[in-house]
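K.L.:
Take this structure first; my questions come after.
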Amino acid sequence: MTVQEKKLSLILFSGEYDKAMAALILANAAGELDITVNIFFAFWGLCLIRDPERMSLEDKTAFEKMFGLAAPNGPEDLPLSRMNMAGFGKAMLKEMMEDHDTPDLSAFLKGAQKKGVSFFACKLSVDVMGFKLDEFLPGVEIITAKEYLQDSLEADIQLFI
Amino acid sequence: MTVQEKKLSLILFSGEYDKAMAALILANAAGELDITVNIFFAFWGLCLIRDPERMSLEDKTAFEKMFGLAAPNGPEDLPLSRMNMAGFGKAMLKEMMEDHDTPDLSAFLKGAQKKGVSFFACKLSVDVMGFKLDEFLPGVEIITAKEYLQDSLEADIQLFI
Amino acid sequence: MTVQEKKLSLILFSGEYDKAMAALILANAAGELDITVNIFFAFWGLCLIRDPERMSLEDKTAFEKMFGLAAPNGPEDLPLSRMNMAGFGKAMLKEMMEDHDTPDLSAFLKGAQKKGVSFFACKLSVDVMGFKLDEFLPGVEIITAKEYLQDSLEADIQLFI
């Protein structure tokens, strides 16, 4: 089956380890099938593309600082959507993934970028949450909801995760 | 790019402030691009279109009354999906939105209706939860899952939020 | 309106009673409209298609056994995504559904299979969670994320639930 010139458009709204994993497994699988993949990170999803080594507190309001410190910082800091049990459930899931030689979320994230998956951050969310572009992973581009829609209209599959 | 005669079809299943916000930001952005937008409110999503001033306890079973009182009543009554922290997280988010002159959920809801976004309520959910049509915002129409599907088949983007 | 040769492709990632209900109501409604329906069960969604009478602890690691015992076992064992209140909210919802002669989740699940809805389990999730094919309902087939994507590209509606 030829799947050339096909496009997958994902919104990653959730900031949970398992949901981010689902998005990135789809993105990587699509990349291997030569499907073009765009991920639009919005709200909690932005936590996934925060670079843990580039967090900044400069030029932020008190609320933005508090929020930046309280919200998960990078892929391995995200909780599970269910059975997180203060981190125990997540640790268990990660062990089980390792038993099956399944890469972790950071590896899937890097894999997606290597396969040419485009990462977009939602402008409104970035503004409201007080993030700065240089706090994100290299290669992330900030776009508006309108730009997402215009791009997504041309996709073959659109999912909200 | 011409986006005339394009259609966005959203299911809003979630009853959380941030997810409802995501749906309405997309709906408003699409409306500004002259994309036709239909929102199908189901289950918890119905809480968003409850008119806080038109709640009724008449003709309801005991369970329906309890449910009607316990479930969020209107947009500003919805909790956050994460970091709600007994309402503190939500209050913080609303402050941060105000700092950036971002309208609140009620304003996005009114904006969507002004832009011609159609609001549909899921018949089965309405029946099970014991809501009455006149408890919803003016303009809401009740349709079945089948009617949603028939409409959604013609859409260019379908999302479940 | 003719809806022949149309296709609905659902990912059921969530393991909650209300979200599974939403997926199966759509699947059943689509089946009645002669729309082809495929459901791809991933992560927590796999809990829905566990056969409560066929749980096995054989050939499993310690983590897989613990996980298998802790995770919901079959449709009626799933919690609500909101207002679950230690099972009280779910019991209330089920009472309210009964008042309106709405079938329960197990009935919707059987109805979907009777209408020819195809059930697929995500290979990676099955492997990581340590499930065996014979722990699932009869008729479930295990496929990869790539196979899901290739199938889903041909669908008219794709939703992530």
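Ordering of the structure tokens sets the chain letters (A, B, ...), residue numbers begin anew at 1 in every chain, and ligands are numbered from 1 in the order given.
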Using only C-alpha atoms, find the residues of chain A whose closest atom to chain B is at most 8 Å away, then write them as a count of residues only.
P.N.:
16
K.L.:
Excluding C:Glu135 and residues on its chain fewer than 4 positions from it, collect all residues at most 6 Å away from it, counting only C-alpha atoms, and give them as a PyMOL selection string.
P.N.:
chain C and resi 50-51+54-55
K.L.:
Can you tell me, as an NGL selection string, what residues are no more than 12 Å from B:Asn73 when counting only C-alpha atoms, ignoring any on the same chain fewer than 6 positions away?
P.N.:
:B and (15-17 or 44-56 or 67 or 79 or 131 or 135-137)
K.L.:
Identify, with DSSP run on backbone atoms, the residues in stretch 50-135 of chain B assigned to helix (DSSP H, G or I), and express the list as a PyMOL selection string.
P.N.:
chain B and resi 62-70+75-77+85-99+105-114+123-129+133-135
K.L.:
Within 8 Å of B:Glu141, counting only C-alpha atoms, which residues show up once you throw out same-chain ones fewer than 3 positions away? Write them as a tab-separated table (two decimals) with all heavy atoms, in the first residue's frame, please.
P.N.:
```tsv
chain	number	residue	atom	x	y	z
B	119	PHE	N	-24.67	24.43	18.11
B	119	PHE	CA	-24.55	23.64	19.35
B	119	PHE	C	-25.60	22.54	19.35
B	119	PHE	O	-26.80	22.81	19.33
B	119	PHE	CB	-24.78	24.52	20.58
B	119	PHE	CG	-23.66	25.47	20.91
B	119	PHE	CD1	-22.51	25.54	20.13
B	119	PHE	CD2	-23.75	26.31	22.02
B	119	PHE	CE1	-21.47	26.41	20.45
B	119	PHE	CE2	-22.73	27.18	22.35
B	119	PHE	CZ	-21.59	27.24	21.57
B	120	PHE	N	-25.14	21.29	19.39
B	120	PHE	CA	-26.06	20.15	19.46
B	120	PHE	C	-25.82	19.39	20.77
B	120	PHE	O	-24.68	19.22	21.20
B	120	PHE	CB	-25.83	19.20	18.28
B	120	PHE	CG	-26.10	19.83	16.96
B	120	PHE	CD1	-25.05	20.18	16.10
B	120	PHE	CD2	-27.40	20.10	16.55
B	120	PHE	CE1	-25.29	20.79	14.88
B	120	PHE	CE2	-27.65	20.71	15.32
B	120	PHE	CZ	-26.59	21.05	14.48
B	121	ALA	N	-26.91	18.94	21.39
B	121	ALA	CA	-26.79	18.13	22.61
B	121	ALA	C	-27.15	16.69	22.25
B	121	ALA	O	-28.10	16.45	21.50
B	121	ALA	CB	-27.74	18.65	23.68
B	133	LEU	N	-34.54	20.38	27.72
B	133	LEU	CA	-34.03	21.31	26.70
B	133	LEU	C	-33.99	22.74	27.23
B	133	LEU	O	-33.05	23.49	26.96
B	133	LEU	CB	-34.90	21.23	25.43
B	133	LEU	CG	-34.48	22.16	24.29
B	133	LEU	CD1	-33.05	21.92	23.84
B	133	LEU	CD2	-35.42	22.02	23.09
```
K.L.:
If you measure from atom CA of A:Lys60 to atom CA of B:Leu105, what distance in Å do you get, rounded to one decimal?
P.N.:
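So the answer is 23.9 Å.
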K.L.:
DSSP on the backbone: which residues in stretch 33-144 of chain B end up as strand (DSSP E)? Give the answer as a PyMOL selection string.
P.N.:
chain B and resi 36-41+118-122+141-143
K.L.:
Interatomic distance between atom CA of A:Pro138 and atom CA of A:Met66?
P.N.:
23.9 Å
K.L.:
Atom CA of C:Asp77 and atom CA of C:Ile39 are how many Å apart?
P.N.:
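Answer for the atom CA of C:Asp77 to atom CA of C:Ile39 separation: 19.7 Å.
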